[in-house]
>>> print(open('work-v2.pdb').read())   # PDB, C-alpha atoms
ATOM      1  CA  MET A   1      38.367  12.553  22.529
ATOM      2  CA  ARG A   2      35.911  10.499  24.528
ATOM      3  CA  SER A   3      32.901  12.561  23.381
ATOM      4  CA  ALA A   4      34.034  12.287  19.741
ATOM      5  CA  LYS A   5      34.018   8.490  20.043
ATOM      6  CA  ALA A   6      30.563   8.640  21.591
ATOM      7  CA  VAL A   7      29.272  10.775  18.714
ATOM      8  CA  VAL A   8      30.734   8.386  16.125
ATOM      9  CA  LEU A   9      29.295   5.387  17.966
ATOM     10  CA  PHE A  10      25.881   7.058  18.165
ATOM     11  CA  ALA A  11      25.995   7.903  14.440
ATOM     12  CA  LEU A  12      26.852   4.305  13.544
ATOM     13  CA  LEU A  13      24.085   2.967  15.774
ATOM     14  CA  PHE A  14      21.548   5.410  14.292
ATOM     15  CA  THR A  15      22.570   4.443  10.744
ATOM     16  CA  ALA A  16      22.227   0.744  11.542
ATOM     17  CA  LEU A  17      18.798   1.244  13.106
ATOM     18  CA  SER A  18      17.648   3.359  10.143
ATOM     19  CA  ALA A  19      18.784   0.708   7.691
ATOM     20  CA  GLY A  20      16.934  -1.947   9.692
ATOM     21  CA  ALA A  21      13.782   0.137   9.743
ATOM     22  CA  GLN A  22      13.954   0.632   5.973
ATOM     23  CA  SER A  23      14.051  -3.116   5.403
ATOM     24  CA  GLU A  24      10.940  -3.521   7.541
ATOM     25  CA  LEU A  25       8.796  -1.383   5.220
ATOM     26  CA  ARG A  26       6.376  -3.297   3.061
ATOM     27  CA  THR A  27       4.769  -3.233  -0.356
ATOM     28  CA  VAL A  28       1.190  -3.796  -1.477
ATOM     29  CA  ARG A  29       0.772  -4.613  -5.153
ATOM     30  CA  GLY A  30      -1.562  -6.419  -7.467
ATOM     31  CA  ALA A  31      -3.861  -5.994 -10.444
ATOM     32  CA  VAL A  32      -7.194  -4.338 -11.116
ATOM     33  CA  LEU A  33      -9.564  -6.697 -12.964
ATOM     34  CA  ASP A  34     -13.007  -6.370 -14.533
ATOM     35  CA  LYS A  35     -15.898  -8.821 -13.973
ATOM     36  CA  SER A  36     -14.416 -11.191 -16.566
ATOM     37  CA  GLU A  37     -11.005 -10.986 -14.855
ATOM     38  CA  ASN A  38      -9.424  -8.964 -17.661
ATOM     39  CA  PRO A  39      -6.864  -6.335 -16.565
ATOM     40  CA  VAL A  40      -8.144  -2.764 -16.350
ATOM     41  CA  ALA A  41      -5.749  -0.001 -17.399
ATOM     42  CA  SER A  42      -6.034   3.505 -15.931
ATOM     43  CA  ALA A  43      -8.130   2.472 -12.938
ATOM     44  CA  VAL A  44      -7.594   4.597  -9.821
ATOM     45  CA  VAL A  45      -6.433   2.571  -6.812
ATOM     46  CA  TYR A  46      -6.921   4.213  -3.406
ATOM     47  CA  LEU A  47      -4.805   3.320  -0.361
ATOM     48  CA  LYS A  48      -6.042   4.825   2.918
ATOM     49  CA  ASN A  49      -3.881   4.915   6.056
ATOM     50  CA  VAL A  50      -6.431   4.089   8.767
ATOM     51  CA  ARG A  51      -4.393   5.841  11.470
ATOM     52  CA  THR A  52      -3.870   9.214   9.751
ATOM     53  CA  LEU A  53      -6.717   8.960   7.191
ATOM     54  CA  THR A  54      -4.340  10.059   4.430
ATOM     55  CA  ILE A  55      -5.040   8.617   1.001
ATOM     56  CA  LYS A  56      -2.529   7.739  -1.700
ATOM     57  CA  THR A  57      -3.594   6.945  -5.247
ATOM     58  CA  TYR A  58      -2.066   4.991  -8.081
ATOM     59  CA  ILE A  59      -3.224   4.743 -11.697
ATOM     60  CA  SER A  60      -3.039   1.128 -12.891
ATOM     61  CA  ASP A  61      -0.719   0.536 -15.847
ATOM     62  CA  ARG A  62      -1.578  -1.058 -19.228
ATOM     63  CA  SER A  63      -1.573  -4.519 -17.661
ATOM     64  CA  GLY A  64      -3.848  -3.363 -14.814
ATOM     65  CA  GLU A  65      -1.075  -3.497 -12.211
ATOM     66  CA  TYR A  66      -0.580  -1.128  -9.281
ATOM     67  CA  ARG A  67       2.045  -0.826  -6.521
ATOM     68  CA  PHE A  68       2.399   1.011  -3.207
ATOM     69  CA  SER A  69       5.785   0.680  -1.523
ATOM     70  CA  GLY A  70       7.426   2.083   1.606
ATOM     71  CA  LEU A  71       4.415   1.303   3.791
ATOM     72  CA  ASP A  72       4.623   1.280   7.574
ATOM     73  CA  PRO A  73       4.153  -2.290   8.837
ATOM     74  CA  ASN A  74       2.566  -1.000  12.075
ATOM     75  CA  VAL A  75      -0.385   0.633  10.314
ATOM     76  CA  ASP A  76      -3.603  -0.809   8.892
ATOM     77  CA  TYR A  77      -4.557   0.253   5.353
ATOM     78  CA  GLU A  78      -7.758   0.113   3.312
ATOM     79  CA  LEU A  79      -7.531  -0.441  -0.421
ATOM     80  CA  HIS A  80     -10.019  -0.238  -3.292
ATOM     81  CA  ALA A  81     -10.112   0.585  -7.016
ATOM     82  CA  GLU A  82     -12.452   2.599  -9.217
ATOM     83  CA  SER A  83     -12.851   2.921 -12.972
ATOM     84  CA  ASP A  84     -15.670   4.579 -14.900
ATOM     85  CA  SER A  85     -18.844   3.674 -12.998
ATOM     86  CA  PHE A  86     -17.437   0.591 -11.243
ATOM     87  CA  THR A  87     -15.687   0.027  -7.935
ATOM     88  CA  SER A  88     -14.130  -2.910  -6.114
ATOM     89  CA  ASN A  89     -14.759  -4.126  -2.601
ATOM     90  CA  THR A  90     -12.587  -2.464   0.031
ATOM     91  CA  ARG A  91      -9.782  -4.750   1.189
ATOM     92  CA  THR A  92      -7.884  -4.334   4.459
ATOM     93  CA  VAL A  93      -4.140  -4.716   4.899
ATOM     94  CA  SER A  94      -3.642  -5.503   8.580
ATOM     95  CA  SER A  95      -0.665  -4.546  10.703
ATOM     96  CA  PHE A  96      -0.863  -8.115  12.048
ATOM     97  CA  ASP A  97       0.017  -9.455   8.582
ATOM     98  CA  SER A  98       3.790  -9.898   8.761
ATOM     99  CA  ARG A  99       4.375 -10.302   5.008
ATOM    100  CA  LYS A 100       6.658  -7.684   3.441
ATOM    101  CA  ASP A 101       5.175  -8.127  -0.053
ATOM    102  CA  ILE A 102       1.393  -8.329  -0.112
ATOM    103  CA  VAL A 103      -0.398  -9.132  -3.382
ATOM    104  CA  ILE A 104      -4.084  -8.206  -3.685
ATOM    105  CA  SER A 105      -6.220  -8.355  -6.829
ATOM    106  CA  LEU A 106      -9.059  -5.839  -6.956
ATOM    107  CA  LYS A 107     -12.123  -6.812  -9.016
ATOM    108  CA  LEU A 108     -14.336  -4.024 -10.372
ATOM    109  CA  ASP A 109     -17.684  -5.734  -9.926
ATOM    110  CA  LYS A 110     -19.942  -3.196  -8.225
ATOM    111  CA  GLU A 111     -21.527  -0.078  -9.643
ATOM    112  CA  LYS A 112     -20.510   3.099  -7.828
ATOM    113  CA  LYS A 113     -23.210   4.786  -5.833
ATOM    114  CA  LYS A 114     -24.396   7.963  -7.474
ATOM    115  CA  THR A 115     -24.127  11.027  -5.257
TER     116      THR A 115
END
>>> encode(input="work-v2.pdb", output="structure tokens")
Amino acid sequence: MRSAKAVVLFALLFTALSAGAQSELRTVRGAVLDKSENPVASAVVYLKNVRTLTIKTYISDRSGEYRFSGLDPNVDYELHAESDSFTSNTRTVSSFDSRKDIVISLKLDKEKKKT
């Protein structure tokens, strides 16, 4: 009986901690813009986890918007966009930034280097 109570208590504690961790995740969102600050549809937005070097991509919608959610708040990320022959500056999302919802506009104002 005593061990059954301990298992139930542990399960409740684990569930509570998991729910708390979920609420700590954050979102990075924004818009991809051209030089004239018009939205750019179908631009590829790259989000790189600096710790693991994994890259996620998102194709901007018709209004140029992108969104990455479920991001670990303890990790730094690098973010940039590309479309046709243009690219944006790389922006950093720091683990020291405590905001849960981070909005970053990415301006396509540099020509991509030809390789």
>>> resolve_selection(input="work-v2.pdb", expression="the PyMOL selection byres ((chain A and resi 47-58) around 7)", output="PyMOL selection string")
chain A and resi 44-46+59-60+66+75-80
>>> closest_residue(input="work-v2.pdb", among="A:Asp72, A:Glu82, A:Val103, A:Ser95", to="Leu33 in chain A", atoms="only C-alpha atoms")
A:Glu82
>>> atom_distance(input="work-v2.pdb", atom1="CA of Arg67 in chain A", atom2="CA of Lys113 in chain A")
25.9 Å
>>> atom_distance(input="work-v2.pdb", atom1="CA of Ile104 in chain A", atom2="CA of Ala43 in chain A")
14.7 Å
>>> resolve_selection(input="work-v2.pdb", expression="the PyMOL selection byres ((chain A and resi 98) around 10)", output="NGL selection string")
:A and (24 or 26 or 73-74 or 94-97 or 99-102)
>>> write_last_selection(input="work-v2.pdb", atoms="C-alpha atoms", output="mmCIF file, in the frame of the given file")
data_model
loop_
_atom_site.group_PDB
_atom_site.id
_atom_site.type_symbol
_atom_site.label_atom_id
_atom_site.label_comp_id
_atom_site.auth_asym_id
_atom_site.auth_seq_id
_atom_site.Cartn_x
_atom_site.Cartn_y
_atom_site.Cartn_z
ATOM 1 C CA GLU A 24 10.940 -3.521 7.541
ATOM 2 C CA ARG A 26 6.376 -3.297 3.061
ATOM 3 C CA PRO A 73 4.153 -2.290 8.837
ATOM 4 C CA ASN A 74 2.566 -1.000 12.075
ATOM 5 C CA SER A 94 -3.642 -5.503 8.580
ATOM 6 C CA SER A 95 -0.665 -4.546 10.703
ATOM 7 C CA PHE A 96 -0.863 -8.115 12.048
ATOM 8 C CA ASP A 97 0.017 -9.455 8.582
ATOM 9 C CA ARG A 99 4.375 -10.302 5.008
ATOM 10 C CA LYS A 100 6.658 -7.684 3.441
ATOM 11 C CA ASP A 101 5.175 -8.127 -0.053
ATOM 12 C CA ILE A 102 1.393 -8.329 -0.112
#
>>> atom_distance(input="work-v2.pdb", atom1="CA of Asp84 in chain A", atom2="CA of Leu108 in chain A")
9.8 Å
